[in-house]
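Visitor: So here's query.cif (mmCIF, C-alpha atoms).
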data_start
loop_
_atom_site.label_atom_id
_atom_site.label_comp_id
_atom_site.auth_asym_id
_atom_site.auth_seq_id
_atom_site.Cartn_x
_atom_site.Cartn_y
_atom_site.Cartn_z
CA MET A 1 24.46 5.29 30.76
CA LEU A 2 22.75 2.26 29.19
CA ASN A 3 19.47 3.28 30.80
CA HIS A 4 19.83 6.75 29.29
CA PHE A 5 20.45 5.26 25.84
CA LEU A 6 17.35 3.06 26.06
CA THR A 7 15.00 5.76 27.38
CA LYS A 8 16.22 8.77 25.37
CA PRO A 9 14.08 8.03 22.25
CA PHE A 10 10.97 8.26 24.42
CA ASP A 11 11.93 11.33 26.49
CA GLY A 12 8.94 13.63 26.76
CA LEU A 13 6.25 10.99 26.29
CA SER A 14 5.14 11.55 29.89
CA ARG A 15 4.10 15.10 29.08
CA ARG A 16 0.41 15.97 28.90
CA ASN A 17 0.40 16.00 25.09
CA PHE A 18 2.33 12.76 24.66
CA TYR A 19 -0.32 11.50 22.24
CA LYS A 20 0.70 14.25 19.80
CA ASP A 21 4.22 12.82 19.57
CA ASN A 22 5.19 10.65 16.60
CA ARG A 23 7.20 8.43 18.93
CA PHE A 24 4.01 7.54 20.78
CA VAL A 25 2.32 6.69 17.47
CA LEU A 26 5.29 4.48 16.58
CA LEU A 27 4.97 2.78 19.97
CA LEU A 28 1.30 2.02 19.22
CA TRP A 29 2.21 0.65 15.78
CA VAL A 30 4.86 -1.63 17.29
CA LEU A 31 2.43 -2.82 19.98
CA VAL A 32 -0.18 -3.64 17.32
CA THR A 33 2.44 -5.55 15.38
CA LEU A 34 3.66 -7.51 18.40
CA ILE A 35 0.12 -8.34 19.56
CA PHE A 36 -0.74 -9.96 16.25
CA VAL A 37 2.59 -11.71 15.92
CA ILE A 38 1.97 -13.27 19.34
CA ASP A 39 -1.59 -14.13 18.26
CA SER A 40 -0.21 -15.87 15.15
CA TRP A 41 2.24 -17.82 17.30
CA ALA A 42 -0.46 -18.83 19.78
CA THR A 43 -2.95 -19.94 17.13
CA ASN A 44 -0.32 -21.35 14.75
CA ARG A 45 -1.82 -19.14 12.05
CA LEU A 46 1.24 -18.49 9.88
CA ASN A 47 -0.14 -19.51 6.49
CA ASN A 48 0.55 -16.29 4.57
CA TYR A 49 4.06 -16.01 5.96
CA LEU A 50 4.72 -19.66 5.06
CA ILE A 51 3.67 -18.93 1.47
CA PHE A 52 6.13 -16.05 1.36
CA GLU A 53 9.14 -17.71 2.94
CA ASN A 54 8.64 -20.82 0.82
CA THR A 55 9.16 -18.77 -2.36
CA PHE A 56 12.84 -18.38 -1.51
CA ARG A 57 13.25 -22.15 -1.05
CA ASN A 58 11.43 -22.73 -4.34
CA LEU A 59 13.69 -20.24 -6.09
CA LEU A 60 16.81 -22.03 -4.81
CA HIS A 61 15.51 -25.41 -5.96
CA GLU A 62 13.98 -24.03 -9.16
CA ARG A 63 10.48 -25.19 -8.29
CA SER A 64 7.51 -23.19 -9.50
CA LEU A 65 7.01 -20.03 -7.47
CA TYR A 66 3.26 -20.18 -8.15
CA ALA A 67 2.33 -23.84 -7.65
CA PHE A 68 0.24 -25.07 -4.73
CA TYR A 69 2.25 -26.79 -1.96
CA PRO A 70 -0.35 -28.21 0.44
CA GLN A 71 2.34 -29.92 2.51
CA TYR A 72 3.62 -26.48 3.54
CA HIS A 73 0.70 -24.04 3.29
CA GLY A 74 -2.69 -23.25 1.78
CA ASP A 75 -3.20 -20.96 -1.24
CA VAL A 76 -0.41 -19.84 -3.60
CA ASN A 77 2.02 -16.99 -4.08
CA HIS A 78 0.88 -13.93 -6.06
CA TYR A 79 4.02 -11.75 -5.88
CA GLY A 80 6.67 -11.28 -8.54
CA PRO A 81 9.91 -13.34 -8.65
CA ILE A 82 11.91 -10.53 -7.01
CA PHE A 83 9.78 -11.01 -3.90
CA SER A 84 11.52 -14.32 -3.25
CA VAL A 85 14.76 -12.34 -2.93
CA LEU A 86 13.17 -9.74 -0.65
CA ILE A 87 11.90 -12.43 1.74
CA SER A 88 15.20 -14.35 1.77
CA PRO A 89 16.69 -12.85 4.99
CA PHE A 90 13.51 -13.74 6.88
CA ALA A 91 13.23 -17.20 5.28
CA LEU A 92 16.67 -18.08 6.68
CA MET A 93 15.34 -17.64 10.22
CA PRO A 94 13.10 -20.06 12.15
CA ASN A 95 9.51 -19.38 11.09
CA TRP A 96 8.44 -17.89 14.43
CA LEU A 97 11.36 -15.44 14.39
CA GLY A 98 11.10 -14.71 10.68
CA LEU A 99 7.44 -13.78 11.09
CA LEU A 100 8.30 -11.38 13.92
CA PHE A 101 10.94 -9.53 11.91
CA TRP A 102 8.85 -9.65 8.71
CA ASN A 103 5.92 -7.86 10.37
CA LEU A 104 8.22 -5.40 12.14
CA PHE A 105 9.97 -4.69 8.83
CA ASN A 106 6.67 -3.80 7.16
CA CYS A 107 5.53 -1.77 10.15
CA PHE A 108 8.72 0.33 10.33
CA LEU A 109 8.97 0.75 6.55
CA LEU A 110 5.50 2.28 6.25
CA PHE A 111 5.95 4.42 9.35
CA LYS A 112 9.26 5.75 8.05
CA ALA A 113 7.76 6.43 4.62
CA ILE A 114 5.02 8.56 6.21
CA GLN A 115 7.71 10.54 8.04
CA THR A 116 9.25 11.49 4.67
CA LEU A 117 6.08 13.27 3.53
CA PRO A 118 6.47 17.08 3.17
CA LEU A 119 3.93 17.73 5.93
CA SER A 120 4.11 19.09 9.45
CA LYS A 121 4.78 16.70 12.35
CA ASN A 122 1.22 17.13 13.60
CA LYS A 123 -0.20 16.06 10.24
CA LYS A 124 2.05 12.99 10.19
CA VAL A 125 0.81 12.08 13.67
CA ILE A 126 -2.79 12.28 12.44
CA ILE A 127 -2.02 10.03 9.46
CA GLY A 128 -0.38 7.55 11.84
CA TYR A 129 -3.50 7.33 13.98
CA ILE A 130 -5.83 7.05 10.97
CA ALA A 131 -3.82 4.09 9.65
CA ILE A 132 -4.06 1.96 12.82
CA PRO A 133 -7.31 0.04 11.98
CA CYS A 134 -5.85 -1.07 8.65
CA LEU A 135 -2.50 -1.79 10.27
CA VAL A 136 -4.33 -4.32 12.45
CA ALA A 137 -5.66 -6.16 9.38
CA SER A 138 -2.27 -6.03 7.66
CA MET A 139 -0.33 -7.40 10.64
CA LEU A 140 -3.01 -10.02 11.32
CA ASN A 141 -2.57 -11.33 7.77
CA GLN A 142 1.26 -11.02 7.67
CA GLN A 143 1.01 -9.31 4.29
CA PHE A 144 3.50 -7.11 2.41
CA ASN A 145 0.83 -4.48 1.74
CA ALA A 146 2.24 -2.06 4.32
CA GLY A 147 5.62 -2.33 2.59
CA ALA A 148 4.00 -1.89 -0.82
CA GLY A 149 2.28 1.28 0.39
CA ALA A 150 5.56 2.56 1.79
CA ILE A 151 7.32 2.05 -1.55
CA MET A 152 4.56 3.98 -3.35
CA ILE A 153 4.95 6.88 -0.90
CA LEU A 154 8.73 6.82 -1.26
CA SER A 155 8.36 6.94 -5.05
CA TYR A 156 6.99 10.45 -4.55
CA THR A 157 8.98 11.66 -1.54
CA GLN A 158 12.32 10.67 -3.08
CA PHE A 159 11.36 12.68 -6.17
CA GLU A 160 10.30 15.58 -3.93
CA LYS A 161 13.72 15.47 -2.28
CA ARG A 162 15.37 15.60 -5.73
CA ASN A 163 16.40 11.95 -5.61
CA GLY A 164 15.15 10.88 -9.03
CA PHE A 165 17.51 7.88 -9.02
CA TRP A 166 15.95 6.43 -5.85
CA SER A 167 12.44 7.42 -6.87
CA ALA A 168 12.87 5.35 -10.04
CA MET A 169 14.19 2.46 -7.93
CA CYS A 170 11.04 2.53 -5.75
CA ILE A 171 8.75 2.56 -8.79
CA ALA A 172 10.58 -0.32 -10.48
CA PHE A 173 10.83 -2.40 -7.31
CA GLY A 174 7.19 -1.81 -6.37
CA THR A 175 6.10 -2.89 -9.84
CA PHE A 176 8.25 -6.03 -9.92
CA VAL A 177 6.99 -7.12 -6.50
CA LYS A 178 3.32 -6.15 -6.74
CA LEU A 179 1.88 -4.51 -9.84
CA TYR A 180 0.25 -1.77 -7.75
CA GLY A 181 3.61 -0.03 -7.70
CA ILE A 182 3.33 0.95 -11.38
CA VAL A 183 1.00 3.83 -10.51
CA GLY A 184 3.97 5.56 -8.90
CA ILE A 185 5.06 6.38 -12.44
CA VAL A 186 2.83 9.48 -12.27
CA VAL A 187 5.76 11.37 -10.72
CA PHE A 188 7.09 11.39 -14.28
CA PHE A 189 4.69 14.28 -14.95
CA PHE A 190 6.45 16.35 -12.29
CA ILE A 191 10.03 15.46 -13.23
CA LYS A 192 12.05 18.13 -15.02
CA LYS A 193 14.80 15.90 -16.42
CA LYS A 194 12.63 13.24 -17.99
CA PRO A 195 15.27 11.48 -20.18
CA ALA A 196 17.47 10.84 -17.13
CA PHE A 197 14.50 9.52 -15.19
CA ILE A 198 13.58 7.14 -18.02
CA GLY A 199 17.18 5.90 -17.97
CA TYR A 200 16.96 5.27 -14.23
CA LEU A 201 13.72 3.31 -14.70
CA ILE A 202 15.27 1.13 -17.41
CA LEU A 203 18.37 0.53 -15.29
CA TRP A 204 16.43 -0.48 -12.17
CA SER A 205 14.00 -2.60 -14.16
CA ALA A 206 16.92 -4.55 -15.59
CA VAL A 207 18.43 -4.95 -12.11
CA PHE A 208 15.23 -6.32 -10.57
CA PHE A 209 14.55 -8.56 -13.56
CA VAL A 210 17.90 -10.32 -13.31
CA LEU A 211 18.47 -10.18 -9.53
CA PRO A 212 16.68 -13.52 -8.86
CA MET A 213 19.15 -15.07 -11.32
CA ILE A 214 21.76 -14.91 -8.56
CA PHE A 215 19.90 -17.84 -6.97
CA ALA A 216 18.43 -19.63 -10.02
CA SER A 217 19.05 -20.09 -13.73
CA PRO A 218 18.05 -17.35 -16.19
CA ASP A 219 15.65 -19.76 -17.95
CA PHE A 220 13.83 -20.56 -14.71
CA VAL A 221 13.53 -16.89 -13.71
CA ALA A 222 12.37 -15.80 -17.16
CA HIS A 223 9.72 -18.53 -17.17
CA SER A 224 8.68 -17.48 -13.67
CA TYR A 225 7.59 -14.10 -15.03
CA ILE A 226 5.31 -15.92 -17.47
CA ASP A 227 3.96 -18.04 -14.60
CA TRP A 228 3.36 -14.87 -12.59
CA LYS A 229 1.33 -13.35 -15.41
CA ASN A 230 -0.75 -16.52 -15.74
CA GLU A 231 -1.34 -16.70 -11.99
CA LEU A 232 -2.58 -13.09 -11.88
CA VAL A 233 -4.95 -13.75 -14.79
CA ASN A 234 -6.34 -16.86 -13.09
CA LYS A 235 -6.68 -15.06 -9.78
CA ASN A 236 -8.60 -12.22 -11.43
CA ILE A 237 -11.02 -14.71 -13.01
CA ALA A 238 -11.55 -16.45 -9.66
CA ASN A 239 -12.13 -13.13 -7.89
CA ILE A 240 -14.77 -12.02 -10.39
CA ALA A 241 -16.45 -15.41 -10.04
CA GLY A 242 -17.18 -14.66 -6.41
CA ALA A 243 -14.10 -15.04 -4.27
CA ALA A 244 -14.26 -13.09 -1.00
CA THR A 245 -11.05 -11.27 -1.91
CA ASP A 246 -12.79 -8.99 -4.43
CA ILE A 247 -13.27 -6.15 -1.94
CA SER A 248 -12.96 -3.57 -4.72
CA ILE A 249 -15.38 -0.97 -6.01
CA MET A 250 -16.17 -3.33 -8.89
CA GLY A 251 -16.94 -6.12 -6.45
CA PHE A 252 -19.16 -3.76 -4.45
CA PHE A 253 -21.31 -2.89 -7.45
CA ARG A 254 -21.36 -6.49 -8.72
CA ARG A 255 -22.80 -7.62 -5.41
CA LEU A 256 -25.03 -4.61 -4.88
CA LEU A 257 -26.66 -5.13 -8.29
CA HIS A 258 -26.59 -8.95 -8.02
CA TYR A 259 -24.81 -9.00 -11.37
CA PRO A 260 -21.64 -11.12 -11.05
CA GLY A 261 -21.03 -10.88 -14.79
CA LEU A 262 -20.58 -7.10 -14.65
CA SER A 263 -17.36 -6.47 -16.58
CA ASN A 264 -14.26 -4.84 -15.13
CA ILE A 265 -13.58 -3.04 -18.41
CA MET A 266 -16.19 -0.34 -17.92
CA PHE A 267 -15.04 0.38 -14.36
CA LEU A 268 -11.38 0.42 -15.31
CA ALA A 269 -11.97 2.69 -18.31
CA VAL A 270 -13.97 5.22 -16.31
CA GLY A 271 -11.61 4.93 -13.34
CA ALA A 272 -8.53 5.49 -15.50
CA LEU A 273 -10.09 8.57 -17.13
CA LEU A 274 -10.96 10.04 -13.75
CA PHE A 275 -7.51 9.18 -12.39
CA MET A 276 -5.77 10.96 -15.28
CA PHE A 277 -8.09 13.98 -15.49
CA PRO A 278 -6.16 16.15 -12.96
CA PHE A 279 -3.06 15.86 -15.14
CA ALA A 280 -4.77 18.12 -17.67
CA PHE A 281 -3.97 21.02 -15.30
CA VAL A 282 -0.29 21.34 -16.17
CA SER A 283 0.11 24.70 -14.41
CA ARG A 284 -0.47 22.99 -11.05
CA PHE A 285 2.30 20.42 -11.37
CA SER A 286 4.69 22.58 -9.32
CA LYS A 287 2.21 22.98 -6.45
CA ARG A 288 3.05 20.74 -3.53
CA LYS A 289 -0.56 20.41 -2.43
CA PHE A 290 -1.52 19.22 -5.92
CA GLN A 291 1.31 16.68 -5.86
CA LEU A 292 0.17 15.38 -2.46
CA LEU A 293 -3.40 15.04 -3.70
CA ILE A 294 -2.10 13.04 -6.65
CA LEU A 295 -0.15 10.86 -4.21
CA SER A 296 -3.37 10.31 -2.25
CA SER A 297 -5.10 9.29 -5.48
CA VAL A 298 -2.20 6.96 -6.34
CA LEU A 299 -2.60 5.18 -2.99
CA LEU A 300 -6.37 4.82 -3.39
CA PHE A 301 -6.81 4.01 -7.07
CA PRO A 302 -5.06 0.61 -7.50
CA VAL A 303 -6.74 -0.90 -4.43
CA LEU A 304 -10.19 0.35 -5.38
CA PHE A 305 -9.87 -1.01 -8.91
CA SER A 306 -8.21 -4.36 -8.22
CA THR A 307 -10.26 -7.54 -8.00
CA GLY A 308 -7.59 -8.94 -5.67
CA SER A 309 -8.21 -6.35 -2.96
CA GLU A 310 -8.75 -7.69 0.55
CA ASP A 311 -9.40 -5.94 3.84
CA CYS A 312 -5.66 -6.11 4.61
CA THR A 313 -4.85 -4.43 1.27
CA TYR A 314 -6.45 -1.20 2.44
CA ILE A 315 -3.41 -0.35 4.56
CA ILE A 316 -2.17 1.11 1.26
CA SER A 317 -5.25 3.25 0.72
CA ILE A 318 -5.67 4.36 4.33
CA THR A 319 -2.48 6.40 4.05
CA GLY A 320 -4.01 8.12 1.02
CA VAL A 321 -7.09 8.83 3.14
CA GLY A 322 -4.83 10.29 5.81
CA ILE A 323 -3.14 12.61 3.32
CA TRP A 324 -6.56 13.74 2.06
CA TYR A 325 -7.77 14.33 5.63
CA VAL A 326 -4.89 16.61 6.66
CA LEU A 327 -5.25 18.62 3.42
CA GLU A 328 -9.06 18.83 3.39
CA LYS A 329 -10.41 22.29 4.28
CA ASN A 330 -14.08 21.29 4.50
CA LYS A 331 -14.23 20.34 8.17
CA GLY A 332 -17.83 19.17 8.03
CA LEU A 333 -17.09 16.76 5.19
CA LYS A 334 -13.94 15.26 6.65
CA HIS A 335 -15.39 14.96 10.17
CA VAL A 336 -18.33 12.97 8.79
CA LEU A 337 -16.68 10.90 6.07
CA LEU A 338 -13.60 9.80 8.02
CA PRO A 339 -15.50 8.27 10.99
CA ILE A 340 -17.79 6.39 8.60
CA LEU A 341 -14.76 5.10 6.69
CA LEU A 342 -12.97 3.98 9.87
CA VAL A 343 -16.04 2.18 11.20
CA VAL A 344 -16.47 0.33 7.91
CA THR A 345 -12.72 -0.39 7.82
CA CYS A 346 -12.98 -2.20 11.16
CA ASN A 347 -15.11 -4.76 9.29
CA ILE A 348 -17.52 -5.29 12.16
CA PRO A 349 -19.69 -7.79 10.20
CA LEU A 350 -16.67 -10.07 9.66
CA LEU A 351 -15.44 -9.71 13.24
CA CYS A 352 -18.78 -10.12 15.00
CA PHE A 353 -20.80 -12.16 12.50
CA PRO A 354 -18.30 -14.12 10.39
CA GLN A 355 -20.80 -16.67 9.06
CA PHE A 356 -23.22 -13.94 7.99
CA ALA A 357 -20.43 -11.91 6.38
CA LYS A 358 -19.14 -14.86 4.36
CA ALA A 359 -22.66 -15.76 3.26
CA ASN A 360 -23.34 -12.12 2.25
CA PRO A 361 -20.28 -10.87 0.34
CA LEU A 362 -21.79 -7.36 0.01
CA SER A 363 -21.11 -6.85 3.72
CA LEU A 364 -17.41 -7.32 2.94
CA SER A 365 -17.13 -5.45 -0.36
CA MET A 366 -18.93 -2.40 1.09
CA LEU A 367 -15.58 -1.60 2.71
CA SER A 368 -14.52 -0.10 -0.62
CA PHE A 369 -17.35 2.40 -0.94
CA PRO A 370 -16.26 5.09 1.59
CA TYR A 371 -12.75 4.90 0.13
CA PHE A 372 -14.30 5.46 -3.28
CA LEU A 373 -16.06 8.59 -1.98
CA VAL A 374 -12.77 9.89 -0.56
CA TRP A 375 -11.07 9.23 -3.90
CA LEU A 376 -13.73 11.23 -5.76
CA ARG A 377 -13.26 14.08 -3.29
CA VAL A 378 -9.48 13.94 -3.81
CA LEU A 379 -9.94 14.24 -7.57
CA PHE A 380 -12.36 17.14 -7.13
CA SER A 381 -9.90 18.91 -4.83
CA ALA A 382 -7.11 18.43 -7.37
CA VAL A 383 -9.07 20.06 -10.22
CA LYS A 384 -10.80 22.90 -8.37
CA SER A 385 -9.84 26.54 -8.94
CA GLN A 386 -6.17 27.47 -9.00
CA HIS A 387 -6.24 30.03 -6.18
CA GLU A 388 -7.28 27.38 -3.67
CA PHE A 389 -3.81 25.83 -3.89
CA ALA A 390 -2.22 28.92 -2.33
CA ASP A 391 -2.45 27.51 1.20
CA GLU A 392 0.03 27.44 4.07
CA MET A 393 2.31 24.94 2.28
CA ASP A 394 2.70 26.99 -0.89
CA ALA A 395 2.36 30.63 0.14
CA GLY A 396 5.59 32.48 -0.57
CA ILE A 397 7.47 29.28 -1.30
CA LEU A 398 8.44 27.92 -4.70
CA PRO A 399 8.19 24.13 -4.25
CA ARG A 400 11.28 22.21 -5.16
CA LEU A 401 11.24 20.22 -8.35
CA ALA A 402 13.13 17.01 -8.95
CA GLU A 403 16.35 17.10 -10.89
#
Let's see the structure in the file written out as structure tokens.
Guide:
Amino acid sequence: MLNHFLTKPFDGLSRRNFYKDNRFVLLLWVLVTLIFVIDSWATNRLNNYLIFENTFRNLLHERSLYAFYPQYHGDVNHYGPIFSVLISPFALMPNWLGLLFWNLFNCFLLFKAIQTLPLSKNKKVIIGYIAIPCLVASMLNQQFNAGAGAIMILSYTQFEKRNGFWSAMCIAFGTFVKLYGIVGIVVFFFIKKKPAFIGYLILWSAVFFVLPMIFASPDFVAHSYIDWKNELVNKNIANIAGAATDISIMGFFRRLLHYPGLSNIMFLAVGALLFMFPFAFVSRFSKRKFQLLILSSVLLFPVLFSTGSEDCTYIISITGVGIWYVLEKNKGLKHVLLPILLVVTCNIPLLCFPQFAKANPLSLSMLSFPYFLVWLRVLFSAVKSQHEFADEMDAGILPRLAE
């Protein structure tokens, strides 16, 4: 009976088309996660996780959440104060065990979020495969980016399932942990009962603002938000000055043009206008395909236009690429652009020629360019003629709207 319980979830994986089963994709994701957890154990490369788990200890002792603690780890924390509460269950474990469950948590959270998308099982399988190269980078670096991407997806899918209360929670939590989450607010355009949704956002924002005060004084927590703002400003300045973490579209053009002083303002202004342009087509708000294209844009935009983007951050955007790919009708375009994107995502220069890559930052920041092309295509698809939205997901079906 025990053997039946353990093997039942994987019944059918021995069939010829096992690779088309979401359970097989999950198995691959878990294997990737375990491989890089073991690699981190073997090489004692736990720095990022040590930064994270130390934030909970610092919260308890009311030490700065954003100071440098060289006796424990390199670099500093860049996440909001609520993150120290999120990491607390893992921080209570021995570091080797906490790292294991931390990476598995992020892996399962993103996988589950993808399963909530209003797409067929086959399309979810495809997205799962497309995400694997970026999953490798995310698990290798022990980052929360997979979890951040999951929360952004859930911001939409909870709305789509008429759970405005939980959608607002995801938006507020994603924003308080990592500012990328704020872009999830675009579901507000699709919400029918906007006053109630605003109330939910205010409620959850208050909850996440005060939640760290369970472990530390209100004065310390309030000041921590100021410290967080200052840390993000300083990090942005350092990134523009040439840090390798600026793998954004701005960083790409700065390095391509050999113009490190090229301002973010122009890029952000143009990017924001392009991002918001599809919302001029109000009549399409009820179309599920339009909503999914907007979700794809939401997952791509903040990574492309953030100076703090790293290769491991693109686990957020790769899910947006996956959504675009399963919706794209131009087979020639998607069968050319996706392979190029995946090859670039593997970051071959960094893997095979690390010294060259670090000495030539353009070889790193070029990772952003194929994602940028996909984002432009997503925007074009969202604004093209109305009749093209009458596809297999919409035909004869009035999409549900959030309460």
Visitor: List every residue of segment 12-121 of chain A that has an atom at most 7 Å from any atom of segment 152-175 of chain A, and for each one report the closest atom pair and its distance in Å to one decimal, counting all atoms listed in the file, with rows sorted by chain and then by increasing residue number, as a Markdown table.
Guide:
| residue | atom | partner | partner_atom | distance |
| --- | --- | --- | --- | --- |
| A:Ala113 | CA | A:Leu154 | CA | 6.0 |
| A:Thr116 | CA | A:Thr157 | CA | 6.2 |
| A:Leu117 | CA | A:Thr157 | CA | 6.1 |
Visitor: List the residues selected by the PyMOL selection byres ((chain A and resi 72) around 9) in the file shown, writing them as an mmCIF file with C-alpha atoms, in the coordinates of the input.
Guide:
data_model
loop_
_atom_site.group_PDB
_atom_site.id
_atom_site.type_symbol
_atom_site.label_atom_id
_atom_site.label_comp_id
_atom_site.auth_asym_id
_atom_site.auth_seq_id
_atom_site.Cartn_x
_atom_site.Cartn_y
_atom_site.Cartn_z
ATOM 1 C CA ASN A 47 -0.140 -19.510 6.490
ATOM 2 C CA LEU A 50 4.720 -19.660 5.060
ATOM 3 C CA ILE A 51 3.670 -18.930 1.470
ATOM 4 C CA ASN A 54 8.640 -20.820 0.820
ATOM 5 C CA TYR A 69 2.250 -26.790 -1.960
ATOM 6 C CA PRO A 70 -0.350 -28.210 0.440
ATOM 7 C CA GLN A 71 2.340 -29.920 2.510
ATOM 8 C CA HIS A 73 0.700 -24.040 3.290
ATOM 9 C CA GLY A 74 -2.690 -23.250 1.780
#
Visitor: Kindly resolve the PyMOL selection byres ((chain A and resi 343) around 12) on the present coordinates and return the residues as a ChimeraX atom specification.
Guide: /A:130,133-134,336-342,344-349,366-367,370-371
Visitor: For Leu232 of chain A, which of A:Arg57, A:Tyr79, A:Ser88, A:Phe305 is the closest residue, counting all atoms listed in the file?
Guide: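 Ranking A:Arg57, A:Tyr79, A:Ser88, A:Phe305 by distance to Leu232 of chain A, first place goes to A:Tyr79.
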Visitor: Rank nothing, just name the residue among A:Lys229, A:Arg288, A:His78, A:Lys235 nearest to Leu119 of chain A, using all atoms listed in the file.
Guide: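 Result for the nearest residue to Leu119 of chain A: A:Arg288.
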Visitor: Give me, please, the distance in Å between atom CA of Ser138 of chain A and atom CA of Thr313 of chain A, quoted to one decimal.
Guide: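 Straight-line distance from atom CA of Ser138 of chain A to atom CA of Thr313 of chain A works out to 7.1 Å.
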Visitor: For atom CA of Pro89 of chain A and atom CA of Leu28 of chain A, quote the distance in Å rounded to one decimal.
Guide: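 Rounded to one decimal, the two atoms are 25.7 Å apart.
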Visitor: May I ask which of the residues A:Phe290, A:Trp96, A:Tyr225, A:Phe197 is the closest one to Ser64 of chain A, counting only C-alpha atoms?
Guide: A:Tyr225
Visitor: Name every residue that the PyMOL selection byres ((chain A and resi 269-285) around 8) selects in this structure, writing the answer as a list in words with chains first and numbers rising.
Guide: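 After applying the PyMOL selection byres ((chain A and resi 269-285) around 8), what remains is Phe189, Phe190, Ile265, Met266, Phe267, Leu268, Ser286, Lys287, Arg288, Phe290, Gln291, Ser297, Phe301, Phe305, Leu379, Ala382, Val383 and Gln386 of chain A.
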Visitor: Could you check which of A:Gly184, A:Gly251, A:Gly199, A:Gly149 is closest to Cys312 of chain A, using only C-alpha atoms?
Guide: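 Checking each of A:Gly184, A:Gly251, A:Gly199, A:Gly149 against Cys312 of chain A, counting only C-alpha atoms, the winner is A:Gly149.
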Visitor: Please measure the separation of atom CA of Leu179 of chain A and atom CA of Gly80 of chain A, giving the value in Å to one decimal.
Guide: 8.4 Å
Visitor: Out of A:Ser365, A:Gln115, A:Thr33, A:Thr307, which residue has the shortest atom-to-atom distance to Phe253 of chain A when counting all atoms listed in the file?
Guide: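 With all atoms listed in the file as the atom set, the closest residue is A:Ser365.
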Visitor: Near segment 105-111 of chain A, within 7 Å and counting only C-alpha atoms, which residues show up once chain neighbours fewer than 3 positions away are dropped, as a list of chain:residue names?
Guide: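 In the requested form, the answer reads A:Trp29, A:Phe101, A:Trp102, A:Ile114, A:Gln115, A:Phe144, A:Ala146, A:Gly147, A:Gly149, A:Ala150.
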Visitor: Need the neighbours of (-15.2, 13.9, 3.3): which residues are at most 9 Å away, counting all atoms listed in the file, as a PyMOL selection string?
Guide: chain A and resi 324-325+328+330-338+373-374+377
Visitor: Save the residues we just selected, C-alpha atoms, as an mmCIF file, in the frame of the given file?
Guide:
data_model
loop_
_atom_site.group_PDB
_atom_site.id
_atom_site.type_symbol
_atom_site.label_atom_id
_atom_site.label_comp_id
_atom_site.auth_asym_id
_atom_site.auth_seq_id
_atom_site.Cartn_x
_atom_site.Cartn_y
_atom_site.Cartn_z
ATOM 1 C CA TRP A 324 -6.560 13.740 2.060
ATOM 2 C CA TYR A 325 -7.770 14.330 5.630
ATOM 3 C CA GLU A 328 -9.060 18.830 3.390
ATOM 4 C CA ASN A 330 -14.080 21.290 4.500
ATOM 5 C CA LYS A 331 -14.230 20.340 8.170
ATOM 6 C CA GLY A 332 -17.830 19.170 8.030
ATOM 7 C CA LEU A 333 -17.090 16.760 5.190
ATOM 8 C CA LYS A 334 -13.940 15.260 6.650
ATOM 9 C CA HIS A 335 -15.390 14.960 10.170
ATOM 10 C CA VAL A 336 -18.330 12.970 8.790
ATOM 11 C CA LEU A 337 -16.680 10.900 6.070
ATOM 12 C CA LEU A 338 -13.600 9.800 8.020
ATOM 13 C CA LEU A 373 -16.060 8.590 -1.980
ATOM 14 C CA VAL A 374 -12.770 9.890 -0.560
ATOM 15 C CA ARG A 377 -13.260 14.080 -3.290
#
Visitor: Would you mind listing what lies within 8 Å of Pro81 of chain A as a PyMOL selection string, with all atoms listed in the file counted and same-chain residues fewer than 5 positions away left out?
Guide: chain A and resi 65+176-177+212+221+224-225+228
Visitor: Can you pull out the residues contacting Ile318 of chain A? Cut-off 8 Å, using all atoms listed in the file, and skip same-chain residues under 2 positions away; I want them as a VMD selection string.
Guide: chain A and resid 130 to 131 134 299 to 300 314 to 316 320 to 322
Visitor: Using only C-alpha atoms, pick whichever of A:Lys384, A:Arg255, A:Lys124, A:Arg45 has the shortest atom-to-atom distance to Arg23 of chain A.
Guide: A:Lys124
